[in-house]
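Below is one structure, written out as structure tokens; the observations come after it.
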Amino acid sequence: MDVRVDHVRKEFDRFPALHDVSLDIHSGELIALLGPSGSGKTTLLRLIAGLERPTAGKIFFGDEDASEKSVQERNIGFVFQHYALFRHMTILENVSFGLKVRPRSSRPAAGEIRKRAMELLDLVQLSGLEKRYPNQLSGGQRQRVALARALAIEPRVLLLDEPFGALDAQVRRDLRKWLREIHDRTGHTTVFVTHDQEEALELADRLCVMSQGRIEQVGSPDSVYDTPTSPFVFGFIGESSELPVNVDKGDIWLGDRPIGISSPEASGAARLFFRPHDIELVDNGAGLAGVVATSRRVGGTRRVELDIGGAGHRVEIDLPFDHPAGERTQIAFRPKRWTLFPPA
Amino acid sequence: MAADLTRRRWVAPTNEPFWVRALLVLIGVVFMALFLVMPLVAVFSEAFRQGFEGFVKALQQPDAQSAIRLTLLVAAIAVPLNVIFGIAASWAIAKFEFKGKAFLITLIDLPFSVSPVISGLVYVLLFGSGSILGPWLKANGVEILFAVPGIVLATIFVTFPFVARELIPLMQDQGSGDEEAALSLGASGWQTFFRVTLPNIKWGLLYGVLLCNARAMGEFGAVAVVSGKIRGQTTTMPLQVEMFYNEYQGTAAFALASLLALLALVTLVLKTALEWRFGDELAATGRGH
Amino acid sequence: MTARFRFRQPSVIPGFGLTFGFTLAYFSIIILIPLIALVLRASGIGFEGFWKAATDARVLASLRTSFVTALFAAAINVVFGTLIAWVLVRYRFPGRRIFDAMVDLPFALPTAVAGIALTAIYAPNGFVGQLVAPLGWRIAYTPVGIVIAMIFIGLPFVVRTIQPILEETSREVEEASATLGASRFQTISRVLLPSLTPAILTGFALAFARAVGEYGSVIFIAGNIPFVSEIAPLLIVIRLEEFNYTGAAVIATVMLLISFVMLFVINLIQAWSRRRYGYGS
């Protein structure tokens, strides 16, 4: 099921939470809404679900205008950060609930409901726990029940709001992998909200990066990571260093020195962004020269903070872990891949 | 317009339609008006039925005056005693781990489950003429029943849990960290209590005292049983209300009752103010009774 | 190492002996010894005597009156108390905070005051009494009046037990129910109310226990006709006035037993609720 968000705006008590957002979600894809808190990602998800109503704009499910449909009519599956399980019902009753509340005409027989719920519990690897109550399960198990419950109504779209936000790091990693497997097996169009870029990069087919109620960039994890289109995305996804530079006749200068890279199209003041690992060391010739301020080993590399020039700009670069640089060592480097943005 | 027709279909998922909300609010408000507000209004309107002068005259009767004095006296003895008990019990329970603690907490709440009449009856059976202690007390001229000590005892019985049940959860929440720090800095036990613990629990304590006092001044059943209802001597305000009422002195009964109702209102206002202002410094549990 | 029985865990904080000793002594003098005196007096007449006194027709009638009226009052309070808790937690309307504070009035208002005030309203010449009098209905001086007084004193127990549970029930649960296709009515009847069951049961038990023992607010409005509108606590007082101390002690012991059973039931509900629902109301 394609979902199309068309120029949607949302205000809460005159306070804008989303400004004119448009987004196409493709059938069968797993897309992440990624952004810091307050970016509007959860609001967008709740608008798609029908839990909120847009101030302006429309939401289409396929070709059908769903904007005025109530949440019950939209037939979506929603998974909440804090599970929102029904605490007075067993696991089996929780999963069966969506089928049991259907009007009699479309409600499957009791035996059929039970069979389907048991299959779903099997899918989420919770067979044998159907008689337990939510209170008796761990956080990870509860979230899997919540997913099974959402899948039971055969939703047209599956929406997950920070589904792993309340879980420990290890459980979170396991569930992430497992959610991808379930998605690949069931093929539901899936939208999930997260503030964790690592989670989004690992899990999603496409990312939708949001900030302050606007969509900053939409694309595959690779394209968003490799070619960020805004300083915000560059800074939010992956690690980055930033320097204020000047472009003169295509050559890029920091202060009174050229740094050995050029950008023919640009001119004037600019912000230079690069990733700590996308650099090369230079022995002589133009480059960014700095003094090592701190140096620590991170896994297989050495992360070094450099003070550059007299103005006290500090950047991070990655060196091989056996690089002999110590504090106060002079190092010169050039970004291999970088982007220029206009000054803020 | 077609769009307008469909526009009405979206409904907020966790809200009832306006008419449902209005209806439920109306039912709730009417019920509360009927059972809570109206009795209160009735007390004051009956009290002033013969004008302000009638009201004042009723309260100037010697019986009413002595009832007010006795009620104040009883509360002035019973409340402080229960405050000391409440503090001691919550200190022992909140600051230490010992066997049978949960049972002790249940026991402290026991007077709430006992009918007020029984709370008075037990003292009649303990000190009355047919008891073991009765003849001895009589021989030595000690008057407990049908005298002030009996009234005080019955009042203490029914107000026994109020301070303790407010302080126990509060002090359990606060833990012993502050006290341990004070002791490690060289403070004595009493210094620690007065300078560290007491400031931490003062609002909770006040809350408990308020409720304890309201009940102490207003208790009827337990006191009725032990008082003997000797005019001008052993009648507290609620008992005097009953006496006036049974003697068809309606205005006097309601005038005295209006003072008690006023006390209840002041208690409610102070209690609510405490909850709004210091809600986080009061125990979350222990509301009610 | 042999495990030694330790009554108390060691602690650096002083004062255990003093406070614990005082607590026990005070509790014993005020509560325990008098209660024992009561039970001793009641059991002093032997089992047969006790049984005879406890099954006396007037005693049984008064117990029945107390029970039946308390049951009615608690049931009515559960319905309206739940509704009031819901309205106070969920809706914003003018005067909400005042009504919220007013719920505690029965805790603060002396029972005798409540008793005469309710009588004044519901007596045949009272504000409400004269409205229903033309219909041939009488409220005061009948068991209905007893129920009215018991509703008054029991209401806050129900509201104040349900209110905090409702406040901490997250909206997400209702939203989850809606996303699964449940109508608002289905969400309330199948999700919200069942999740409040332990709180509702506890509120019912508390209101019932309080109503059974209530005296002050009831005797004015009850009419106190033996076998019709005479409640058990009143019969205790009557026995005392007849200097029949043992008779009073027997009724009191029966009522005390009932109170303990109620207390036990309430604790069972809470233990069950904590285990299954994760909260003890």
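Ligands are numbered from 1 in the order shown, residues from 1 within each chain, and chains are lettered A, B, ... in the order they appear in the structure tokens.
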Q) Among range 62-213 of chain B, which ones does DSSP place in alpha helix (DSSP H), written as number ranges by chain? A) B: 62-95, 101-108, 110-113, 116-127, 133-139, 148-159, 161-174, 177-184, 189-192, 198-213
**Q.** Selection: 12 Å around Leu133 in chain B, only C-alpha atoms, excl. self and same-chain fewer than 3 positions, as a PyMOL selection string
**A.** (chain B and resi 123-130+136-140+142-145) or (chain C and resi 34+37)
Please write the residues from the selection above to a file, keeping C-alpha atoms, as a PDB file, in the first residue's frame.
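Wrote again15.pdb, looks like this:
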```
ATOM      1  CA  TYR B 123     -13.664   1.112  76.832  1.00  0.00           C
ATOM      2  CA  VAL B 124     -17.038   0.611  78.451  1.00  0.00           C
ATOM      3  CA  LEU B 125     -16.237  -3.087  78.709  1.00  0.00           C
ATOM      4  CA  LEU B 126     -12.720  -2.367  79.991  1.00  0.00           C
ATOM      5  CA  PHE B 127     -13.542   0.251  82.596  1.00  0.00           C
ATOM      6  CA  GLY B 128     -17.297  -0.209  83.157  1.00  0.00           C
ATOM      7  CA  SER B 129     -18.917  -1.529  86.307  1.00  0.00           C
ATOM      8  CA  GLY B 130     -19.004  -5.101  85.076  1.00  0.00           C
ATOM      9  CA  TRP B 136     -11.049  -0.985  91.599  1.00  0.00           C
ATOM     10  CA  LEU B 137     -11.417   2.310  89.734  1.00  0.00           C
ATOM     11  CA  LYS B 138     -14.590   3.066  91.637  1.00  0.00           C
ATOM     12  CA  ALA B 139     -12.978   2.285  94.994  1.00  0.00           C
ATOM     13  CA  ASN B 140     -10.112   4.640  94.222  1.00  0.00           C
ATOM     14  CA  VAL B 142     -10.841   7.337  89.361  1.00  0.00           C
ATOM     15  CA  GLU B 143     -13.435   8.367  86.803  1.00  0.00           C
ATOM     16  CA  ILE B 144     -12.806   7.282  83.256  1.00  0.00           C
ATOM     17  CA  LEU B 145     -16.177   6.365  81.833  1.00  0.00           C
TER      18      LEU B 145
ATOM     19  CA  PRO C  34      -9.560  -2.901  74.805  1.00  0.00           C
ATOM     20  CA  ALA C  37     -11.488  -7.067  76.624  1.00  0.00           C
TER      21      ALA C  37
END
```
Which residues of chain A are close to chain C, meaning at most 6 Å apart when you count only C-alpha atoms, and how do they look as a short mmCIF file (atom, residue, chain, number, x, y, z; two decimals) with N, CA, C and O atoms, in the first residue's frame?
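Once everything was written out, this is part.cif:
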```cif
data_model
loop_
_atom_site.label_atom_id
_atom_site.label_comp_id
_atom_site.auth_asym_id
_atom_site.auth_seq_id
_atom_site.Cartn_x
_atom_site.Cartn_y
_atom_site.Cartn_z
N VAL A 71 -9.41 6.71 12.85
CA VAL A 71 -8.33 5.74 13.03
C VAL A 71 -8.85 4.32 12.87
O VAL A 71 -8.17 3.45 12.30
N GLN A 72 -10.08 4.08 13.33
CA GLN A 72 -10.64 2.72 13.23
C GLN A 72 -10.80 2.29 11.77
O GLN A 72 -10.63 1.13 11.44
N ALA A 84 1.77 -0.25 25.43
CA ALA A 84 0.31 -0.03 25.51
C ALA A 84 -0.46 -1.34 25.41
O ALA A 84 -1.49 -1.41 24.75
N ARG A 87 -3.52 -4.62 30.16
CA ARG A 87 -2.92 -5.37 31.26
C ARG A 87 -3.85 -6.39 31.89
O ARG A 87 -3.41 -7.27 32.60
N HIS A 88 -5.15 -6.26 31.62
CA HIS A 88 -6.07 -7.22 32.22
C HIS A 88 -6.34 -8.40 31.28
O HIS A 88 -7.13 -9.27 31.61
N GLY A 98 -8.10 -7.21 18.26
CA GLY A 98 -8.49 -6.49 17.06
C GLY A 98 -9.49 -7.27 16.20
O GLY A 98 -10.33 -6.67 15.53
N VAL A 101 -13.14 -7.40 18.16
CA VAL A 101 -14.01 -6.20 18.20
C VAL A 101 -14.58 -5.86 16.83
O VAL A 101 -15.29 -4.88 16.69
N ASN A 135 2.15 -8.07 32.44
CA ASN A 135 2.94 -7.77 33.61
C ASN A 135 4.01 -8.83 33.89
O ASN A 135 4.99 -8.57 34.57
#
```
**Q.** Selection: 9 Å around Ser258 in chain B, only C-alpha atoms, excl. self and same-chain fewer than 5 positions, as a PyMOL selection string
**A.** (chain B and resi 40+43-44+46-47+253+263) or (chain C and resi 113)
Closest atom pairs, chain A residues within 7 Å of chain B, only C-alpha atoms, as a tab-separated table:
```
residue	atom	partner	partner_atom	distance
A:Leu51	CA	B:Pro13	CA	6.1
A:Glu68	CA	B:Trp10	CA	5.0
A:Lys69	CA	B:Trp10	CA	5.3
A:Ser70	CA	B:Trp10	CA	4.6
A:Val71	CA	B:Pro13	CA	6.8
```
Q: Extract, using only C-alpha atoms, all DNA, RNA and protein residues at most 12 Å from Gln233 in chain B, discarding same-chain residues fewer than 4 positions from it, and format them as JSON, numbers by chain.
A: {"B": [62, 63, 64, 65, 66, 67, 68, 69, 70, 71, 146, 147, 148, 151, 227, 228, 229, 237, 239, 240]}
Could you take the residues named above and write them with N, CA, C and O atoms, as a PDB file, in the first residue's frame?
```pdb
ATOM      1  N   PRO B  62     -25.260  28.209  77.600  1.00  0.00           N
ATOM      2  CA  PRO B  62     -24.168  27.622  78.378  1.00  0.00           C
ATOM      3  C   PRO B  62     -23.812  26.208  77.898  1.00  0.00           C
ATOM      4  O   PRO B  62     -22.628  25.848  77.848  1.00  0.00           O
ATOM      5  N   ASP B  63     -24.837  25.422  77.520  1.00  0.00           N
ATOM      6  CA  ASP B  63     -24.557  24.062  77.056  1.00  0.00           C
ATOM      7  C   ASP B  63     -23.684  24.066  75.806  1.00  0.00           C
ATOM      8  O   ASP B  63     -22.746  23.272  75.673  1.00  0.00           O
ATOM      9  N   ALA B  64     -24.017  24.972  74.897  1.00  0.00           N
ATOM     10  CA  ALA B  64     -23.231  25.052  73.668  1.00  0.00           C
ATOM     11  C   ALA B  64     -21.803  25.482  73.986  1.00  0.00           C
ATOM     12  O   ALA B  64     -20.835  24.922  73.467  1.00  0.00           O
ATOM     13  N   GLN B  65     -21.695  26.468  74.865  1.00  0.00           N
ATOM     14  CA  GLN B  65     -20.360  26.968  75.234  1.00  0.00           C
ATOM     15  C   GLN B  65     -19.506  25.857  75.854  1.00  0.00           C
ATOM     16  O   GLN B  65     -18.344  25.674  75.490  1.00  0.00           O
ATOM     17  N   SER B  66     -20.102  25.112  76.785  1.00  0.00           N
ATOM     18  CA  SER B  66     -19.293  24.085  77.434  1.00  0.00           C
ATOM     19  C   SER B  66     -18.954  22.961  76.449  1.00  0.00           C
ATOM     20  O   SER B  66     -17.891  22.358  76.529  1.00  0.00           O
ATOM     21  N   ALA B  67     -19.871  22.707  75.505  1.00  0.00           N
ATOM     22  CA  ALA B  67     -19.567  21.674  74.504  1.00  0.00           C
ATOM     23  C   ALA B  67     -18.374  22.094  73.650  1.00  0.00           C
ATOM     24  O   ALA B  67     -17.483  21.287  73.358  1.00  0.00           O
ATOM     25  N   ILE B  68     -18.344  23.378  73.278  1.00  0.00           N
ATOM     26  CA  ILE B  68     -17.223  23.867  72.464  1.00  0.00           C
ATOM     27  C   ILE B  68     -15.924  23.727  73.247  1.00  0.00           C
ATOM     28  O   ILE B  68     -14.914  23.240  72.739  1.00  0.00           O
ATOM     29  N   ARG B  69     -15.981  24.134  74.534  1.00  0.00           N
ATOM     30  CA  ARG B  69     -14.767  24.043  75.357  1.00  0.00           C
ATOM     31  C   ARG B  69     -14.291  22.595  75.468  1.00  0.00           C
ATOM     32  O   ARG B  69     -13.104  22.304  75.321  1.00  0.00           O
ATOM     33  N   LEU B  70     -15.246  21.685  75.703  1.00  0.00           N
ATOM     34  CA  LEU B  70     -14.849  20.285  75.877  1.00  0.00           C
ATOM     35  C   LEU B  70     -14.243  19.730  74.589  1.00  0.00           C
ATOM     36  O   LEU B  70     -13.223  19.027  74.613  1.00  0.00           O
ATOM     37  N   THR B  71     -14.858  20.057  73.452  1.00  0.00           N
ATOM     38  CA  THR B  71     -14.336  19.557  72.178  1.00  0.00           C
ATOM     39  C   THR B  71     -12.900  20.043  71.945  1.00  0.00           C
ATOM     40  O   THR B  71     -12.029  19.266  71.530  1.00  0.00           O
ATOM     41  N   PHE B 146     -17.875   7.973  81.329  1.00  0.00           N
ATOM     42  CA  PHE B 146     -18.811   9.072  81.581  1.00  0.00           C
ATOM     43  C   PHE B 146     -18.073  10.276  82.145  1.00  0.00           C
ATOM     44  O   PHE B 146     -18.579  11.007  82.978  1.00  0.00           O
ATOM     45  N   ALA B 147     -16.813  10.423  81.715  1.00  0.00           N
ATOM     46  CA  ALA B 147     -15.996  11.559  82.138  1.00  0.00           C
ATOM     47  C   ALA B 147     -15.024  11.878  81.015  1.00  0.00           C
ATOM     48  O   ALA B 147     -14.962  11.167  80.006  1.00  0.00           O
ATOM     49  N   VAL B 148     -14.274  12.935  81.193  1.00  0.00           N
ATOM     50  CA  VAL B 148     -13.379  13.387  80.115  1.00  0.00           C
ATOM     51  C   VAL B 148     -12.353  12.322  79.697  1.00  0.00           C
ATOM     52  O   VAL B 148     -12.141  12.126  78.501  1.00  0.00           O
ATOM     53  N   ILE B 151     -13.754  10.011  77.124  1.00  0.00           N
ATOM     54  CA  ILE B 151     -13.969  10.680  75.825  1.00  0.00           C
ATOM     55  C   ILE B 151     -12.648  10.821  75.082  1.00  0.00           C
ATOM     56  O   ILE B 151     -12.557  10.582  73.873  1.00  0.00           O
ATOM     57  N   SER B 227     -19.587   8.715  76.772  1.00  0.00           N
ATOM     58  CA  SER B 227     -19.698  10.018  77.440  1.00  0.00           C
ATOM     59  C   SER B 227     -20.732  10.044  78.566  1.00  0.00           C
ATOM     60  O   SER B 227     -20.586  10.772  79.536  1.00  0.00           O
ATOM     61  N   GLY B 228     -21.796   9.239  78.442  1.00  0.00           N
ATOM     62  CA  GLY B 228     -22.863   9.328  79.424  1.00  0.00           C
ATOM     63  C   GLY B 228     -23.743  10.546  79.218  1.00  0.00           C
ATOM     64  O   GLY B 228     -24.789  10.677  79.826  1.00  0.00           O
ATOM     65  N   LYS B 229     -23.320  11.433  78.343  1.00  0.00           N
ATOM     66  CA  LYS B 229     -24.099  12.610  77.943  1.00  0.00           C
ATOM     67  C   LYS B 229     -24.613  13.402  79.143  1.00  0.00           C
ATOM     68  O   LYS B 229     -25.820  13.604  79.317  1.00  0.00           O
ATOM     69  N   MET B 237     -19.213  18.792  71.130  1.00  0.00           N
ATOM     70  CA  MET B 237     -20.077  19.495  70.169  1.00  0.00           C
ATOM     71  C   MET B 237     -21.007  18.559  69.390  1.00  0.00           C
ATOM     72  O   MET B 237     -22.210  18.804  69.328  1.00  0.00           O
ATOM     73  N   LEU B 239     -22.158  15.704  70.214  1.00  0.00           N
ATOM     74  CA  LEU B 239     -23.169  15.162  71.118  1.00  0.00           C
ATOM     75  C   LEU B 239     -24.209  16.216  71.467  1.00  0.00           C
ATOM     76  O   LEU B 239     -25.398  15.931  71.575  1.00  0.00           O
ATOM     77  N   GLN B 240     -23.746  17.451  71.637  1.00  0.00           N
ATOM     78  CA  GLN B 240     -24.667  18.530  71.960  1.00  0.00           C
ATOM     79  C   GLN B 240     -25.588  18.804  70.769  1.00  0.00           C
ATOM     80  O   GLN B 240     -26.760  19.121  70.948  1.00  0.00           O
TER      81      GLN B 240
END
```
(Q) For a test of reading the model, state the distance in Å between CA of Met210 in chain A and CA of Ala270 in chain A, rounded to one decimal. (A)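 CA of Ala270 in chain A lies at a distance of 23.3 Å from CA of Met210 in chain A.
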Q: Would you mind telling me which residue in B:Val158, B:Leu259, B:Val196, B:Ala42 lies nearest to chain C when using only C-alpha atoms?
A: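 Of all the options, B:Ala42 lies closest to chain C.
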Q.
Which residue is closest to chain C? Choose from B:Glu275, B:Glu180, B:Glu247, B:Asp109 and count only C-alpha atoms.
A. B:Glu180
Q | Of the listed residues B:Ala78, B:Val225, B:Ala164, B:Leu260, that which approaches Val241 in chain B most closely, counting only C-alpha atoms | A | B:Leu260
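Between CA of Ala108 in chain C and CA of Tyr122 in chain C the separation is 21.3 Å.
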